[in-house]
Every structure is written in structure tokens, then in C-alpha cells.
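Q: This is coords-v9.pdb, which holds PDB, C-alpha atoms, pLDDT in the B column:
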MODEL        1
ATOM      1  CA  MET D 914       1.739  64.891 146.507  1.00 45.00           C
ATOM      2  CA  SER D 915       0.707  62.213 144.023  1.00 66.00           C
ATOM      3  CA  ASP D 916       2.108  58.692 144.062  1.00 82.00           C
ATOM      4  CA  HIS D 917       2.239  58.942 140.260  1.00 82.00           C
ATOM      5  CA  PRO D 918       3.957  62.262 139.391  1.00 84.00           C
ATOM      6  CA  GLU D 919       4.946  61.119 135.884  1.00 85.00           C
ATOM      7  CA  ILE D 920       1.345  60.232 135.009  1.00 84.00           C
ATOM      8  CA  GLU D 921       0.092  63.461 136.572  1.00 85.00           C
ATOM      9  CA  GLU D 922       2.539  65.471 134.447  1.00 82.00           C
ATOM     10  CA  MET D 923       1.636  63.603 131.265  1.00 83.00           C
ATOM     11  CA  LEU D 924      -2.107  64.086 131.792  1.00 86.00           C
ATOM     12  CA  ARG D 925      -1.654  67.756 132.693  1.00 84.00           C
ATOM     13  CA  ASP D 926      -0.033  68.375 129.297  1.00 87.00           C
ATOM     14  CA  MET D 927      -2.776  66.583 127.338  1.00 95.00           C
ATOM     15  CA  VAL D 928      -5.879  68.229 125.934  1.00 98.00           C
ATOM     16  CA  PHE D 929      -8.887  66.048 126.750  1.00 98.00           C
ATOM     17  CA  LEU D 930     -11.543  66.803 124.183  1.00 98.00           C
ATOM     18  CA  ASP D 931     -15.022  65.754 123.176  1.00 97.00           C
ATOM     19  CA  VAL D 932     -17.423  66.704 120.407  1.00 97.00           C
ATOM     20  CA  GLU D 933     -21.165  66.397 120.128  1.00 96.00           C
ATOM     21  CA  THR D 934     -22.543  66.050 116.615  1.00 97.00           C
ATOM     22  CA  SER D 935     -25.733  66.229 114.584  1.00 96.00           C
ATOM     23  CA  GLY D 936     -25.348  62.587 113.540  1.00 95.00           C
ATOM     24  CA  ARG D 937     -22.901  59.698 113.258  1.00 94.00           C
ATOM     25  CA  LEU D 938     -21.299  60.335 109.855  1.00 92.00           C
ATOM     26  CA  ASP D 939     -18.370  62.784 109.799  1.00 91.00           C
ATOM     27  CA  TRP D 940     -18.747  63.330 106.026  1.00 90.00           C
ATOM     28  CA  LYS D 941     -22.438  64.210 106.349  1.00 93.00           C
ATOM     29  CA  HIS D 942     -23.185  65.531 109.846  1.00 95.00           C
ATOM     30  CA  GLU D 943     -21.814  68.510 111.731  1.00 97.00           C
ATOM     31  CA  VAL D 944     -20.039  69.233 114.995  1.00 98.00           C
ATOM     32  CA  ILE D 945     -22.522  71.035 117.243  1.00 98.00           C
ATOM     33  CA  GLN D 946     -20.377  71.391 120.391  1.00 97.00           C
ATOM     34  CA  ILE D 947     -16.689  71.152 121.324  1.00 98.00           C
ATOM     35  CA  GLY D 948     -15.494  70.746 124.894  1.00 97.00           C
ATOM     36  CA  ALA D 949     -11.957  70.425 126.204  1.00 98.00           C
ATOM     37  CA  VAL D 950      -9.961  70.525 129.408  1.00 97.00           C
ATOM     38  CA  ALA D 951      -6.201  70.949 129.793  1.00 96.00           C
ATOM     39  CA  GLY D 952      -3.846  72.352 132.392  1.00 93.00           C
ATOM     40  CA  GLY D 953      -6.729  73.157 134.728  1.00 92.00           C
ATOM     41  CA  LYS D 954      -8.475  75.242 132.043  1.00 97.00           C
ATOM     42  CA  GLU D 955     -11.772  74.460 130.355  1.00 97.00           C
ATOM     43  CA  PHE D 956     -13.113  75.250 126.894  1.00 98.00           C
ATOM     44  CA  GLU D 957     -16.642  74.922 125.522  1.00 98.00           C
ATOM     45  CA  VAL D 958     -18.310  76.246 122.397  1.00 98.00           C
ATOM     46  CA  LYS D 959     -21.620  75.533 120.706  1.00 98.00           C
ATOM     47  CA  LEU D 960     -21.704  75.696 116.906  1.00 98.00           C
ATOM     48  CA  ARG D 961     -24.500  76.784 114.608  1.00 98.00           C
ATOM     49  CA  PHE D 962     -25.584  73.950 112.336  1.00 97.00           C
ATOM     50  CA  ASP D 963     -28.297  72.921 109.901  1.00 95.00           C
ATOM     51  CA  THR D 964     -30.977  71.330 112.090  1.00 94.00           C
ATOM     52  CA  GLY D 965     -32.763  70.137 108.952  1.00 94.00           C
ATOM     53  CA  LYS D 966     -29.883  67.751 108.160  1.00 93.00           C
ATOM     54  CA  ALA D 967     -29.525  66.522 111.747  1.00 95.00           C
ATOM     55  CA  GLU D 968     -30.614  63.152 113.063  1.00 95.00           C
ATOM     56  CA  ARG D 969     -33.349  63.745 115.665  1.00 93.00           C
ATOM     57  CA  GLU D 970     -31.970  60.914 117.817  1.00 93.00           C
ATOM     58  CA  ALA D 971     -28.492  62.485 117.825  1.00 93.00           C
ATOM     59  CA  LEU D 972     -29.861  65.833 118.980  1.00 92.00           C
ATOM     60  CA  GLU D 973     -31.836  64.168 121.774  1.00 89.00           C
ATOM     61  CA  VAL D 974     -28.789  62.213 122.985  1.00 89.00           C
ATOM     62  CA  ASN D 975     -26.429  65.183 122.689  1.00 86.00           C
ATOM     63  CA  CYS D 976     -28.237  67.583 125.020  1.00 82.00           C
ATOM     64  CA  TYR D 977     -29.345  69.871 122.200  1.00 91.00           C
ATOM     65  CA  ASP D 978     -31.483  72.717 123.514  1.00 92.00           C
ATOM     66  CA  GLU D 979     -32.811  75.028 120.817  1.00 94.00           C
ATOM     67  CA  ASP D 980     -32.897  78.070 123.117  1.00 95.00           C
ATOM     68  CA  ALA D 981     -29.324  77.520 124.367  1.00 94.00           C
ATOM     69  CA  TRP D 982     -28.003  77.138 120.815  1.00 96.00           C
ATOM     70  CA  GLU D 983     -29.946  80.194 119.649  1.00 96.00           C
ATOM     71  CA  GLU D 984     -28.372  82.254 122.415  1.00 97.00           C
ATOM     72  CA  GLU D 985     -24.840  80.832 122.605  1.00 97.00           C
ATOM     73  CA  ALA D 986     -23.872  79.175 119.299  1.00 98.00           C
ATOM     74  CA  VAL D 987     -21.275  80.734 117.015  1.00 98.00           C
ATOM     75  CA  GLU D 988     -20.521  80.176 113.355  1.00 98.00           C
ATOM     76  CA  PRO D 989     -18.336  77.082 112.746  1.00 98.00           C
ATOM     77  CA  ALA D 990     -15.418  79.170 111.432  1.00 98.00           C
ATOM     78  CA  GLU D 991     -15.413  81.181 114.665  1.00 98.00           C
ATOM     79  CA  ALA D 992     -15.537  77.963 116.720  1.00 98.00           C
ATOM     80  CA  VAL D 993     -12.485  76.665 114.827  1.00 98.00           C
ATOM     81  CA  ALA D 994     -10.613  79.900 115.574  1.00 98.00           C
ATOM     82  CA  LEU D 995     -11.613  79.838 119.254  1.00 98.00           C
ATOM     83  CA  PHE D 996     -10.619  76.193 119.726  1.00 98.00           C
ATOM     84  CA  SER D 997      -7.295  76.745 117.931  1.00 98.00           C
ATOM     85  CA  GLU D 998      -6.638  79.707 120.229  1.00 98.00           C
ATOM     86  CA  PHE D 999      -7.360  77.541 123.302  1.00 98.00           C
ATOM     87  CA  LEU D1000      -4.941  74.877 122.007  1.00 98.00           C
ATOM     88  CA  GLU D1001      -2.084  77.409 121.567  1.00 97.00           C
ATOM     89  CA  GLU D1002      -1.112  77.198 125.230  1.00 96.00           C
ATOM     90  CA  PHE D1003      -0.857  73.401 125.100  1.00 97.00           C
ATOM     91  CA  LYS D1004       1.369  72.884 122.068  1.00 97.00           C
ATOM     92  CA  PHE D1005       4.125  70.784 123.632  1.00 95.00           C
ATOM     93  CA  VAL D1006       4.799  68.277 120.838  1.00 95.00           C
ATOM     94  CA  GLU D1007       7.321  69.194 118.161  1.00 96.00           C
ATOM     95  CA  LYS D1008       6.776  67.939 114.621  1.00 95.00           C
ATOM     96  CA  LYS D1009       8.653  68.543 111.381  1.00 95.00           C
ATOM     97  CA  SER D1010       7.068  69.633 108.122  1.00 93.00           C
ATOM     98  CA  LYS D1011       7.464  66.979 105.419  1.00 92.00           C
ATOM     99  CA  LYS D1012       7.587  69.711 102.763  1.00 92.00           C
ATOM    100  CA  SER D1013       9.897  72.312 104.295  1.00 94.00           C
ATOM    101  CA  GLY D1014      11.608  70.368 107.076  1.00 94.00           C
ATOM    102  CA  LYS D1015      10.772  73.207 109.474  1.00 96.00           C
ATOM    103  CA  PRO D1016       9.676  72.344 113.003  1.00 96.00           C
ATOM    104  CA  TYR D1017       6.244  73.273 114.325  1.00 96.00           C
ATOM    105  CA  MET D1018       4.354  72.602 117.537  1.00 97.00           C
ATOM    106  CA  VAL D1019       1.044  70.824 118.126  1.00 98.00           C
ATOM    107  CA  ALA D1020      -1.006  69.798 121.147  1.00 98.00           C
ATOM    108  CA  ARG D1021      -1.400  66.210 122.348  1.00 97.00           C
ATOM    109  CA  ALA D1022      -5.093  65.323 122.377  1.00 97.00           C
ATOM    110  CA  ALA D1023      -6.957  62.597 124.229  1.00 97.00           C
ATOM    111  CA  GLY D1024     -10.576  61.541 124.400  1.00 97.00           C
ATOM    112  CA  HIS D1025     -12.957  58.633 124.807  1.00 97.00           C
ATOM    113  CA  ASN D1026     -13.596  56.829 121.522  1.00 96.00           C
ATOM    114  CA  ALA D1027     -11.959  59.922 120.046  1.00 96.00           C
ATOM    115  CA  GLU D1028      -9.590  58.166 117.667  1.00 94.00           C
ATOM    116  CA  SER D1029     -12.441  56.557 115.745  1.00 94.00           C
ATOM    117  CA  PHE D1030     -15.168  59.204 116.227  1.00 96.00           C
ATOM    118  CA  ASP D1031     -14.243  62.710 117.426  1.00 96.00           C
ATOM    119  CA  LYS D1032     -11.075  62.986 115.328  1.00 97.00           C
ATOM    120  CA  GLY D1033     -12.930  62.439 112.050  1.00 96.00           C
ATOM    121  CA  PHE D1034     -15.451  65.162 112.867  1.00 97.00           C
ATOM    122  CA  LEU D1035     -12.771  67.631 113.979  1.00 98.00           C
ATOM    123  CA  LEU D1036     -10.629  67.009 110.901  1.00 97.00           C
ATOM    124  CA  ALA D1037     -13.690  67.455 108.649  1.00 97.00           C
ATOM    125  CA  LEU D1038     -14.595  70.702 110.446  1.00 98.00           C
ATOM    126  CA  TYR D1039     -11.065  72.116 110.156  1.00 98.00           C
ATOM    127  CA  ARG D1040     -10.753  71.009 106.522  1.00 97.00           C
ATOM    128  CA  LYS D1041     -14.077  72.647 105.644  1.00 96.00           C
ATOM    129  CA  HIS D1042     -12.753  75.946 106.992  1.00 97.00           C
ATOM    130  CA  ASP D1043      -9.311  75.531 105.431  1.00 98.00           C
ATOM    131  CA  ALA D1044      -7.654  75.512 108.858  1.00 98.00           C
ATOM    132  CA  PHE D1045      -4.800  73.468 110.287  1.00 96.00           C
ATOM    133  CA  PHE D1046      -5.866  71.153 113.131  1.00 97.00           C
ATOM    134  CA  PRO D1047      -3.159  71.921 115.710  1.00 97.00           C
ATOM    135  CA  CYS D1048      -3.074  68.510 117.427  1.00 97.00           C
ATOM    136  CA  GLU D1049      -1.093  65.354 116.876  1.00 94.00           C
ATOM    137  CA  PHE D1050      -2.742  63.195 114.236  1.00 89.00           C
ATOM    138  CA  LYS D1051      -3.104  60.243 116.634  1.00 92.00           C
ATOM    139  CA  ILE D1052      -5.438  60.917 119.547  1.00 94.00           C
ATOM    140  CA  TRP D1053      -4.882  59.062 122.812  1.00 95.00           C
ATOM    141  CA  ASP D1054      -8.007  57.077 123.489  1.00 97.00           C
ATOM    142  CA  THR D1055      -9.312  56.037 126.909  1.00 97.00           C
ATOM    143  CA  MET D1056     -11.683  53.526 125.299  1.00 96.00           C
ATOM    144  CA  GLN D1057      -8.679  51.619 123.969  1.00 95.00           C
ATOM    145  CA  LEU D1058      -6.961  51.887 127.340  1.00 94.00           C
ATOM    146  CA  ALA D1059     -10.097  50.589 129.075  1.00 95.00           C
ATOM    147  CA  MET D1060     -10.351  47.654 126.689  1.00 95.00           C
ATOM    148  CA  TRP D1061      -6.821  46.620 127.720  1.00 93.00           C
ATOM    149  CA  SER D1062      -7.244  47.416 131.427  1.00 90.00           C
ATOM    150  CA  LEU D1063     -10.772  46.018 131.875  1.00 91.00           C
ATOM    151  CA  PRO D1064     -11.183  43.312 129.208  1.00 92.00           C
ATOM    152  CA  TRP D1065     -13.915  41.629 131.256  1.00 92.00           C
ATOM    153  CA  ALA D1066     -16.139  44.736 131.361  1.00 91.00           C
ATOM    154  CA  GLU D1067     -19.474  44.299 129.581  1.00 92.00           C
ATOM    155  CA  SER D1068     -19.313  47.859 128.263  1.00 95.00           C
ATOM    156  CA  HIS D1069     -16.509  50.318 127.577  1.00 95.00           C
ATOM    157  CA  ARG D1070     -18.842  53.292 127.109  1.00 94.00           C
ATOM    158  CA  LEU D1071     -17.746  56.428 128.968  1.00 95.00           C
ATOM    159  CA  GLU D1072     -20.857  56.482 131.156  1.00 93.00           C
ATOM    160  CA  ASP D1073     -20.440  52.839 132.194  1.00 94.00           C
ATOM    161  CA  LEU D1074     -16.724  53.151 132.959  1.00 95.00           C
ATOM    162  CA  CYS D1075     -17.322  56.313 134.982  1.00 94.00           C
ATOM    163  CA  GLU D1076     -20.039  54.531 136.947  1.00 93.00           C
ATOM    164  CA  TYR D1077     -17.644  51.625 137.612  1.00 92.00           C
ATOM    165  CA  TYR D1078     -14.993  54.012 138.986  1.00 93.00           C
ATOM    166  CA  GLY D1079     -17.471  56.261 140.824  1.00 93.00           C
ATOM    167  CA  ILE D1080     -16.716  59.262 138.612  1.00 93.00           C
ATOM    168  CA  ASP D1081     -19.505  61.854 138.465  1.00 88.00           C
ATOM    169  CA  ILE D1082     -20.083  62.468 134.763  1.00 86.00           C
ATOM    170  CA  GLY D1083     -22.422  65.409 135.269  1.00 76.00           C
ATOM    171  CA  GLY D1084     -24.286  66.109 132.037  1.00 64.00           C
ATOM    172  CA  ALA D1085     -23.561  63.041 129.923  1.00 66.00           C
ATOM    173  CA  HIS D1086     -23.289  63.875 126.225  1.00 78.00           C
ATOM    174  CA  ASP D1087     -22.360  67.445 126.999  1.00 91.00           C
ATOM    175  CA  ALA D1088     -18.956  67.991 125.369  1.00 95.00           C
ATOM    176  CA  LEU D1089     -17.286  69.741 128.313  1.00 95.00           C
ATOM    177  CA  ALA D1090     -18.711  67.367 130.942  1.00 94.00           C
ATOM    178  CA  ASP D1091     -17.554  64.392 128.865  1.00 95.00           C
ATOM    179  CA  ALA D1092     -14.053  65.859 128.407  1.00 96.00           C
ATOM    180  CA  VAL D1093     -13.714  66.423 132.172  1.00 95.00           C
ATOM    181  CA  ALA D1094     -14.995  62.905 132.918  1.00 96.00           C
ATOM    182  CA  THR D1095     -12.588  61.438 130.345  1.00 96.00           C
ATOM    183  CA  ARG D1096      -9.632  63.096 132.039  1.00 95.00           C
ATOM    184  CA  ARG D1097     -10.720  61.652 135.395  1.00 94.00           C
ATOM    185  CA  LEU D1098     -11.208  58.246 133.792  1.00 96.00           C
ATOM    186  CA  ALA D1099      -7.730  58.359 132.232  1.00 95.00           C
ATOM    187  CA  TRP D1100      -6.242  59.009 135.675  1.00 93.00           C
ATOM    188  CA  ARG D1101      -8.100  56.047 137.173  1.00 93.00           C
ATOM    189  CA  LEU D1102      -7.227  53.702 134.318  1.00 93.00           C
ATOM    190  CA  MET D1103      -3.538  54.621 134.496  1.00 91.00           C
ATOM    191  CA  THR D1104      -3.199  54.526 138.283  1.00 90.00           C
ATOM    192  CA  ASP D1105      -5.625  51.794 139.321  1.00 81.00           C
ATOM    193  CA  GLU D1106      -3.718  48.909 140.850  1.00 55.00           C
ATOM    194  CA  GLY D1107      -6.528  46.442 141.214  1.00 46.00           C
TER
ENDMDL
END
Just give me the structure of the file as C-alpha cells.
A:
Amino acid sequence: MSDHPEIEEMLRDMVFLDVETSGRLDWKHEVIQIGAVAGGKEFEVKLRFDTGKAEREALEVNCYDEDAWEEEAVEPAEAVALFSEFLEEFKFVEKKSKKSGKPYMVARAAGHNAESFDKGFLLALYRKHDAFFPCEFKIWDTMQLAMWSLPWAESHRLEDLCEYYGIDIGGAHDALADAVATRRLAWRLMTDEG
């Protein structure tokens, strides 16, 4: 039994997500992979994208493998539908429509540097496919939490924080591996007493 049941429950209900992209600009570049973990379940999808508009450096950093994408990638609209379907089970937050006043449910998302990076790409992807992004608008961010918890750290990058806490990150810059590592990092940041 955990010494922190309230934190364990909160983290279990969150969807930890990560995206890999074809560049740094959410208005110009595309999501190429989405990974998420929630409630002990994992989600990963590779998206087809225009390699001609991609930054070579981004593809190198983001574990892009032409053969893997050729074999596994789906059209972006299908990826949106698949990710929305995964999120269905984790819609625990009630919101109210500003137009109709009717309640609706969304998932609570978390990620590393997700508020300033991943969210913009996901919103652009969903907007492009005229789909509702079924998460709270604010994404809980472990980078922000780390900046408060470890202000003396030279770096607040996911890889560096995981190394500090001894968390195996697996395939860094793989969306699912990063989402799993972010969940582990959140636990350590919220429960570390020294």
C-alpha cells in the first residue's frame, strides 16, 4: 500500500501524453506520433505526414524510422479518432458548455513541457480535422512542477530529470516511452521528501 494514496489516485486518473513532431512550430509542422498512458493502459500511434516539410533535425531527434512509419502510420484523421477513443475511458472532469449550459466530460491530461509544446500541436491537429479535443484546456506540466521542486537543477529536460531520479526512460523521444517516463517522474516529484 502506498504512503501517498491521494497522489496515487490523482495520477491514476490523469492521462500522461507526449507527441513527437516534424518540427518545432505547431502552425507549420505536424504531429508524427502520439503516446499516452492512463489507468495502467497504454496508447501509441504513428501518423502519416509530409516528410518534405519536416525539419531533418526533428526527425533525427524524434526516432523517425522510415520503414516503421511506412508499415505502421495511419492518416491523421484516423489517429485523432483513435486517440479520442482511448481518452473516452478517462473522462473524469465535468465541464459546462458556455453556449448551451449543458455538462460534458473531458479527460485530465499531463505531460512534460506539454502546456507550452504538446498542447499546441494537439489542438492544431484536432482543429485541422474539425474534432473536439476531449481534454481539459490546461495540461498539468511536470516541467513546471520540476522547476518549483528542483530550482537548483541545471536542466529541467525530461531526460535529465529522469536520470536524476534513476528513472529508465527507454527510447527517449519516443512518444509512448516519454509518456510513461513522465508519469514516473510526476510520482517522484510529488512524493519526494528530500
Q: Quick one: of D:Tyr1077, D:Phe1030, D:Phe1045, D:Phe962, who's nearest to Glu988 of chain D, counting only C-alpha atoms?
A: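 Closest candidate: D:Phe962.
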Q: Using all atoms listed in the file for the distances, tell me which of D:Glu998, D:Asp1091, D:Glu984, D:Asp978 is nearest to Gly1024 of chain D.
A: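 Answer, going by the shortest atom-to-atom distance: D:Asp1091.
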Q: Which residues, protein or nucleic acid, reach to within 9 Å of (-6.8, 74.4, 121.8) in the file's coordinates when using all atoms listed in the file, and can you give that as a list in words?
A: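 Protein and nucleic acid residues near the point are Val928, Ala949, Ala951, Phe956, Leu995, Phe996, Ser997, Glu998, Phe999, Leu1000, Glu1001, Glu1002, Phe1003, Lys1004, Ala1020, Pro1047 and Cys1048 of chain D.
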Q: Would you write out, as a PyMOL selection string, every residue that the PyMOL selection byres ((chain D and resi 1022) around 6) captures in this file?
A: chain D and resi 927-929+1021+1023+1052
Q: Up to 12 Å from (-8.0, 56.5, 134.6) in the file's coordinates: name the residues, counting all atoms listed in the file, as a ChimeraX atom specification.
A: /D:917,920-921,924,1024-1025,1054-1059,1062-1063,1071,1074-1075,1077-1080,1093-1106
Q: Please produce a file of the residues just selected, as a short mmCIF file (atom, residue, chain, number, x, y, z; two decimals), in the frame of the given file, where the atoms kept are C-alpha atoms.
A:
data_model
loop_
_atom_site.label_atom_id
_atom_site.label_comp_id
_atom_site.auth_asym_id
_atom_site.auth_seq_id
_atom_site.Cartn_x
_atom_site.Cartn_y
_atom_site.Cartn_z
CA HIS D 917 2.24 58.94 140.26
CA ILE D 920 1.34 60.23 135.01
CA GLU D 921 0.09 63.46 136.57
CA LEU D 924 -2.11 64.09 131.79
CA GLY D 1024 -10.58 61.54 124.40
CA HIS D 1025 -12.96 58.63 124.81
CA ASP D 1054 -8.01 57.08 123.49
CA THR D 1055 -9.31 56.04 126.91
CA MET D 1056 -11.68 53.53 125.30
CA GLN D 1057 -8.68 51.62 123.97
CA LEU D 1058 -6.96 51.89 127.34
CA ALA D 1059 -10.10 50.59 129.07
CA SER D 1062 -7.24 47.42 131.43
CA LEU D 1063 -10.77 46.02 131.88
CA LEU D 1071 -17.75 56.43 128.97
CA LEU D 1074 -16.72 53.15 132.96
CA CYS D 1075 -17.32 56.31 134.98
CA TYR D 1077 -17.64 51.62 137.61
CA TYR D 1078 -14.99 54.01 138.99
CA GLY D 1079 -17.47 56.26 140.82
CA ILE D 1080 -16.72 59.26 138.61
CA VAL D 1093 -13.71 66.42 132.17
CA ALA D 1094 -15.00 62.90 132.92
CA THR D 1095 -12.59 61.44 130.34
CA ARG D 1096 -9.63 63.10 132.04
CA ARG D 1097 -10.72 61.65 135.40
CA LEU D 1098 -11.21 58.25 133.79
CA ALA D 1099 -7.73 58.36 132.23
CA TRP D 1100 -6.24 59.01 135.68
CA ARG D 1101 -8.10 56.05 137.17
CA LEU D 1102 -7.23 53.70 134.32
CA MET D 1103 -3.54 54.62 134.50
CA THR D 1104 -3.20 54.53 138.28
CA ASP D 1105 -5.62 51.79 139.32
CA GLU D 1106 -3.72 48.91 140.85
#
Q: Where's the centre, and what are the edge lengths in Å to one decimal, of a box along x, y and z enclosing all listed atoms of segment 1044-1051 of chain D padded 3 Å per side, as lines of an AutoDock Vina configuration file?
A:
center_x = -4.4
center_y = 67.9
center_z = 113.1
size_x = 12.6
size_y = 21.3
size_z = 14.6
Q: Mind checking which residues fall within 12 Å of His942 of chain D, counting all atoms listed in the file, ignoring those fewer than 3 positions away in the same chain, and posting them as JSON, numbers by chain?
A: {"D": [933, 934, 935, 936, 937, 938, 939, 945, 962, 963, 964, 965, 966, 967, 968, 969, 971, 972, 1033, 1034, 1035, 1037, 1038]}
Q: Separation of atom CA of Lys1015 of chain D and atom CA of His1042 of chain D, in Å?
A: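 Computing it gives 23.8 Å between the two atoms.
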Q: Do you know which residues the PyMOL selection byres ((chain D and resi 946) around 6) returns on this file, as a list in words?
A: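 For this structure, the PyMOL selection byres ((chain D and resi 946) around 6) resolves to Val932, Glu933, Val944, Ile945, Ile947, Val958, Lys959 and Leu960 of chain D.
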Q: Using Å and a single decimal, report how far atom CA of Glu943 of chain D sits from atom CA of Arg1070 of chain D.
A: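 Atom-to-atom, atom CA of Arg1070 of chain D and atom CA of Glu943 of chain D are spaced 21.8 Å apart.
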Q: Figure out the distance between atom CA of His1086 of chain D and atom CA of Glu979 of chain D, please, to one decimal in Å.
A: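 So the two atoms, atom CA of Glu979 of chain D and atom CA of His1086 of chain D, lie 15.6 Å apart.
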Q: Using only C-alpha atoms, can you tell me which of D:Asp916, D:Asp1043, D:Phe1005, D:Glu1072 comes closest to Ala1090 of chain D?
A: D:Glu1072
Q: Compare D:Lys1041, D:Cys976, D:Pro1016, D:Met1060 by their minimum atom-to-atom distance to Gly1083 of chain D, counting all atoms listed in the file, and give me the closest one.
A: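 The closest residue to Gly1083 of chain D is D:Cys976.
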Q: With N, CA and C atoms as the target, complete segment 1063-1078 of chain D and hand it back as a short mmCIF file (atom, residue, chain, number, x, y, z; two decimals), in the coordinates of the input.
A:
data_model
loop_
_atom_site.label_atom_id
_atom_site.label_comp_id
_atom_site.auth_asym_id
_atom_site.auth_seq_id
_atom_site.Cartn_x
_atom_site.Cartn_y
_atom_site.Cartn_z
N LEU D 1063 -9.56 46.68 131.37
CA LEU D 1063 -10.77 46.02 131.88
C LEU D 1063 -11.39 45.14 130.79
N PRO D 1064 -10.66 44.12 130.32
CA PRO D 1064 -11.18 43.31 129.21
C PRO D 1064 -12.47 42.57 129.55
N TRP D 1065 -12.73 42.36 130.81
CA TRP D 1065 -13.92 41.63 131.26
C TRP D 1065 -15.16 42.51 131.33
N ALA D 1066 -14.99 43.82 131.23
CA ALA D 1066 -16.14 44.74 131.36
C ALA D 1066 -17.15 44.49 130.24
N GLU D 1067 -18.42 44.50 130.59
CA GLU D 1067 -19.47 44.30 129.58
C GLU D 1067 -19.57 45.47 128.61
N SER D 1068 -19.23 46.66 129.09
CA SER D 1068 -19.31 47.86 128.26
C SER D 1068 -18.10 48.74 128.51
N HIS D 1069 -17.61 49.36 127.45
CA HIS D 1069 -16.51 50.32 127.58
C HIS D 1069 -16.98 51.73 127.22
N ARG D 1070 -18.29 51.96 127.32
CA ARG D 1070 -18.84 53.29 127.11
C ARG D 1070 -18.37 54.20 128.24
N LEU D 1071 -18.21 55.47 127.97
CA LEU D 1071 -17.75 56.43 128.97
C LEU D 1071 -18.62 56.41 130.21
N GLU D 1072 -19.94 56.44 130.01
CA GLU D 1072 -20.86 56.48 131.16
C GLU D 1072 -20.69 55.25 132.05
N ASP D 1073 -20.55 54.08 131.43
CA ASP D 1073 -20.44 52.84 132.19
C ASP D 1073 -19.11 52.75 132.94
N LEU D 1074 -18.03 53.17 132.30
CA LEU D 1074 -16.72 53.15 132.96
C LEU D 1074 -16.68 54.16 134.10
N CYS D 1075 -17.28 55.31 133.91
CA CYS D 1075 -17.32 56.31 134.98
C CYS D 1075 -18.14 55.79 136.16
N GLU D 1076 -19.24 55.11 135.87
CA GLU D 1076 -20.04 54.53 136.95
C GLU D 1076 -19.22 53.49 137.71
N TYR D 1077 -18.47 52.66 136.99
CA TYR D 1077 -17.64 51.62 137.61
C TYR D 1077 -16.63 52.25 138.58
N TYR D 1078 -16.01 53.36 138.17
CA TYR D 1078 -14.99 54.01 138.99
C TYR D 1078 -15.55 55.05 139.95
#
